[in-house]
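Visitor: Before I ask anything, here is the structure I am working with.
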Amino acid sequence: MTPQGSGMDHLVLLAFVIIGCLFVPLTVTASHLLGRAKRDERKLDTYECGSEPVGPPWVQLRVGYYVYALLFVVFDIETVFLYPWAVAFNRLGVFIVVEMTIFIAILGAGLAYAWREGALRWR
Amino acid sequence: MSPVLAASLRVLIAVGLMMANGVMMIYMLRKVLGHLHLRYGPLHVGWHGLLQTPLDVVKLLTKEDVTPRAVDRWLFRLAPLAVFVPSLMAYAALPFGPGWSIVSLDTGLLYTFAVLSLVPIGLLMAGWASANKWSLLGGMRAAAQQIAYEVPLLLSVLPVVLIAGTMSLGGIVDAQQGLWLGVLPRWFVLNPLGLVAFALFVVAGLVESNQTPFDMSEAESELVTGFATEYSAMKFGLLFLSEFSNQFILSAIGVTVFFGGWMLPWIPVEWYAEIPVLPAAVFIFKVYIGIFVMMWIRGTYPRVRVDRMMELGWKRLIPAGLALVLLTGFIQKAVM
């Protein structure tokens, strides 16, 4: 664990993805081989607290989830924009604060609009 | 040593850490919750039940791997992978000591949050593939709450990035060196703005790691562990390992950003920074204090209602976070 050039760092991150993707099938296969399997038809039933499932499993969910997901995309991206601003903050003049105030005001207006439209209410 | 081998070794360090943390935290959870409930927790296998969790790992490995008839087979198999890999990757940038991280990234903080934000996709996959209404609901809740609190979480550490002027986790720790007025350590939690940011971070972090009082996605009593209901054997083990690992990661970020990372209070850094392993031990000790507090909260508070939690995030924490970032900006410019 020593500091290295960025080329090495990216190689390590790639190794993380590859080894992670290998580790999971490996352990799952190991448990599959080690585990005793006693076949039983009832075992393969869907477990909904012991009673027979009623209706299809993929039920329709409330629209609130999708509204929140849409809002999230907007706000998450805008938050990510704030990070480079925060890093460069000390090196830039006072004007950077004014710019960001305008940016956050626009964001805030968007939030206020969503709020007024009732999109933030969890129904 | 060839670079490929060196890179693989570093990843294996992370895998080892993740496993060790998982085993340690499960034991700790049982003991802490046990004592909070005026019980003993595990007691019989090994000294004070110390071998209980390692044995449980063996048990998980030798359990029958059941794949229910109705599941979407491919997604069902893929979901543990989609949850596990991001959790593992989140170990990469953590600063265990001066210059001691698996990779040193200039954007460490953003990287860690970025990989953690991939976890809800896996949870959603697990919930959907299980072909079980409760699992689907659990997966949807998990995704919705992690998504809703991602923004406050990102905003809560932003004032610290602003003051420190860097996103590198090591850099943020370095920015906390020394004493304030010769008395208080310059940890960001002792800075008035940092304290408010920390309060935001605690709430958002508890939601993000699915901890009680915000664990509606698991809700044992209503959803039978939500997205994990149909999983068994090691697939279940991996889902839960990631869950515990995420708790560790969030506590580690909290320690790094607000509590001086691997630094000891009041003692000059030069005295101990060179002692091998000591900074890492301090760091891990602090992280476990954070984990203990999370377990304490879990043993004390009831579950919050789902609509209240969602509205708290959007209507209170996000405006508060934005205001805090602006306020920090103004004060920072005024001071300079």
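Ordering of the structure tokens sets the chain letters (A, B, ...); residue numbers start at 1 within each chain; ligands are numbered from 1 in the order shown.
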Quick one: which chain A residues come within 6 Å of chain B, and what is the nearest atom pair for each with the distance in Å to one decimal, counting only C-alpha atoms, rows ordered by chain and ascending number, as a tab-separated table?
Guide:
residue	atom	partner	partner_atom	distance
A:Met1	CA	B:Ile102	CA	5.6
A:Asp9	CA	B:Val103	CA	5.4
A:Val12	CA	B:Ala7	CA	4.7
A:Ala15	CA	B:Ser8	CA	5.9
A:Phe16	CA	B:Val11	CA	5.6
A:Gly20	CA	B:Val85	CA	5.1
A:Val24	CA	B:Leu81	CA	5.9
A:Val28	CA	B:Met234	CA	5.5
A:Ser31	CA	B:Leu61	CA	4.5
A:His32	CA	B:Asp65	CA	5.7
A:Leu34	CA	B:Thr62	CA	5.0
A:Gly35	CA	B:Thr62	CA	4.0
A:Arg36	CA	B:Glu64	CA	5.4
A:Ala37	CA	B:Glu64	CA	5.3
A:Leu44	CA	B:Pro68	CA	4.1
A:Asp45	CA	B:Pro68	CA	5.7
A:Pro57	CA	B:Ala131	CA	5.1
A:Asp76	CA	B:Val151	CA	5.7
A:Ala86	CA	B:Leu162	CA	4.5
A:Val87	CA	B:Gly165	CA	4.5
A:Trp122	CA	B:Asp307	CA	5.2
Visitor: Tell me, which residues of range 59-233 of chain B carry DSSP alpha helix (DSSP H), written as a compact mmCIF listing (two decimals) with C-alpha atoms, in the first residue's frame?
Guide:
# COMPACT_ATOMS: atom_id res chain seq x y z
CA LYS B 59 -23.06 -22.89 7.96
CA LEU B 60 -23.86 -20.44 5.16
CA LEU B 61 -21.35 -22.21 2.93
CA THR B 62 -22.85 -25.64 3.53
CA ARG B 73 -33.10 -16.89 -12.87
CA TRP B 74 -30.54 -14.64 -14.48
CA LEU B 75 -31.31 -11.54 -12.49
CA PHE B 76 -31.56 -13.67 -9.35
CA ARG B 77 -27.99 -14.86 -9.83
CA LEU B 78 -26.68 -11.50 -10.95
CA ALA B 79 -28.08 -9.48 -8.05
CA PRO B 80 -25.58 -10.60 -5.34
CA LEU B 81 -22.79 -9.67 -7.75
CA ALA B 82 -24.32 -6.25 -8.45
CA VAL B 83 -24.50 -5.60 -4.72
CA PHE B 84 -21.16 -7.09 -3.73
CA VAL B 85 -18.79 -5.56 -6.30
CA PRO B 86 -19.60 -1.89 -5.53
CA SER B 87 -19.29 -2.56 -1.79
CA LEU B 88 -15.90 -4.12 -2.34
CA MET B 89 -14.80 -1.25 -4.56
CA GLY B 108 -11.56 9.68 -3.37
CA LEU B 109 -14.67 11.04 -1.72
CA LEU B 110 -16.63 11.33 -4.96
CA TYR B 111 -15.39 7.90 -6.08
CA THR B 112 -16.55 6.25 -2.86
CA PHE B 113 -20.01 7.81 -3.08
CA ALA B 114 -20.18 6.96 -6.77
CA VAL B 115 -19.56 3.24 -6.23
CA LEU B 116 -21.90 3.17 -3.24
CA VAL B 119 -25.74 -0.62 -4.67
CA PRO B 120 -29.47 0.27 -5.02
CA ILE B 121 -29.44 -1.13 -8.57
CA GLY B 122 -28.41 -4.51 -7.17
CA LEU B 123 -31.01 -4.35 -4.40
CA LEU B 124 -33.69 -3.51 -6.96
CA MET B 125 -32.54 -6.46 -9.06
CA ALA B 126 -32.70 -8.76 -6.05
CA GLY B 127 -36.18 -7.57 -5.14
CA TRP B 128 -37.50 -7.82 -8.68
CA ALA B 129 -35.96 -11.19 -9.52
CA LYS B 133 -44.39 -9.26 -3.55
CA TRP B 134 -42.65 -8.55 -0.27
CA SER B 135 -39.23 -8.77 -1.86
CA LEU B 136 -40.28 -6.45 -4.65
CA LEU B 137 -41.60 -3.95 -2.14
CA GLY B 138 -38.42 -4.27 -0.07
CA GLY B 139 -36.22 -3.76 -3.12
CA MET B 140 -38.24 -0.74 -4.24
CA ARG B 141 -38.12 0.79 -0.77
CA ALA B 142 -34.38 0.19 -0.52
CA ALA B 143 -33.78 1.84 -3.88
CA ALA B 144 -36.14 4.74 -3.15
CA GLN B 145 -34.64 5.54 0.23
CA GLN B 146 -31.04 5.22 -0.87
CA ILE B 147 -31.79 7.43 -3.85
CA ALA B 148 -33.63 10.02 -1.77
CA TYR B 149 -30.81 10.31 0.76
CA GLU B 150 -27.97 10.20 -1.72
CA VAL B 151 -28.36 13.93 -2.34
CA PRO B 152 -28.35 15.02 1.33
CA LEU B 153 -25.38 12.72 1.91
CA LEU B 154 -23.42 14.30 -0.91
CA LEU B 155 -24.41 17.78 0.29
CA SER B 156 -23.47 17.06 3.90
CA VAL B 157 -19.79 16.49 3.15
CA LEU B 158 -19.62 19.36 0.68
CA PRO B 159 -18.90 22.09 3.31
CA VAL B 160 -15.86 20.06 4.37
CA VAL B 161 -14.67 19.75 0.78
CA LEU B 162 -15.11 23.50 0.51
CA ILE B 163 -13.01 24.26 3.57
CA ALA B 164 -10.37 21.61 2.88
CA LEU B 169 -9.76 11.47 1.45
CA GLY B 170 -6.11 11.64 2.48
CA GLY B 171 -6.11 15.39 1.80
CA ILE B 172 -9.19 15.91 3.95
CA VAL B 173 -7.47 14.12 6.85
CA ASP B 174 -4.35 16.27 6.40
CA PRO B 192 -19.61 24.95 13.99
CA LEU B 193 -20.43 24.51 10.29
CA GLY B 194 -18.91 21.06 10.33
CA LEU B 195 -21.08 20.08 13.28
CA VAL B 196 -24.26 20.96 11.39
CA ALA B 197 -22.91 19.10 8.36
CA PHE B 198 -22.17 16.12 10.60
CA ALA B 199 -25.76 16.07 11.88
CA LEU B 200 -26.96 15.93 8.27
CA PHE B 201 -24.41 13.22 7.53
CA VAL B 202 -25.56 11.04 10.42
CA VAL B 203 -29.20 11.04 9.30
CA ALA B 204 -28.39 10.54 5.63
CA GLY B 205 -25.77 7.90 6.45
CA LEU B 206 -28.16 5.88 8.61
CA VAL B 207 -30.66 5.81 5.76
CA GLU B 208 -28.02 5.04 3.18
CA GLU B 220 -38.36 -8.07 9.49
CA SER B 221 -41.80 -7.83 11.02
CA GLU B 222 -43.62 -6.76 7.84
CA LEU B 223 -41.49 -7.67 4.84
CA ALA B 233 -26.86 -20.06 1.32
Visitor: Just give me the gap between CA of Leu241 in chain B and CA of Gly22 in chain B in Å, one decimal is fine.
Guide: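 Pair CA of Leu241 in chain B / CA of Gly22 in chain B returns 5.7 Å.
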Visitor: Closest to Thr27 in chain A among B:Phe259, B:Val57, B:Ser251, B:Gly321, using only C-alpha atoms?
Guide: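 Of all the options, B:Val57 lies closest to Thr27 in chain A.
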Visitor: Which residue gives the smallest distance to Phe72 in chain A among A:Gly50, A:Gly7, A:Ala114, A:Ala30, with only C-alpha atoms counted?
Guide: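 For Phe72 in chain A, the nearest of the candidates is A:Ala114.
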Visitor: Smallest atom-to-atom distance to Leu250 in chain B: which of B:Trp266, B:Tyr301, B:Trp296, B:Tyr288, using only C-alpha atoms?
Guide: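 For Leu250 in chain B, the nearest of the candidates is B:Tyr288.
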Visitor: To one decimal place, how far is CA of Glu41 in chain A from CA of Pro56 in chain A in Å?
Guide: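 Atom-to-atom, CA of Glu41 in chain A to CA of Pro56 in chain A, that is 19.7 Å.
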Visitor: Can you work out the spacing between CA of Tyr231 in chain B and CA of Leu118 in chain B in Å, to one decimal?
Guide: 20.1 Å
Visitor: Using only C-alpha atoms, which protein or nucleic acid residues come within 10 Å of Gly178 in chain B? Drop anything in the same chain fewer than 6 positions from it, and give the result as a list in words.
Guide: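 Near Gly178 in chain B, the qualifying residues are Leu184, Pro185, Arg186, Trp187, Met263, Pro265, Trp266, Ile267, Pro268 and Val269 of chain B.
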Visitor: Taking 3 positions as the minimum chain separation for residues in the same chain, which residues sit within 10 Å of Phe248 in chain B when counting only C-alpha atoms? Answer as number ranges by chain.
Guide: B: 18, 21-22, 25, 87, 91, 209, 242-245, 251-254, 284, 287-288, 290-291
Visitor: Find the residue from B:Val23, B:Phe285, B:Gly226, B:Val32 that sits nearest to Leu50 in chain B; use only C-alpha atoms when measuring.
Guide: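 Smallest distance to Leu50 in chain B is found for B:Val23.
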Visitor: Using only C-alpha atoms, find the one residue out of B:Gly97, B:Val45, B:Phe240, B:Ile289 that sits nearest to Ile275 in chain B.
Guide: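 Smallest separation from Ile275 in chain B among the options: B:Gly97.
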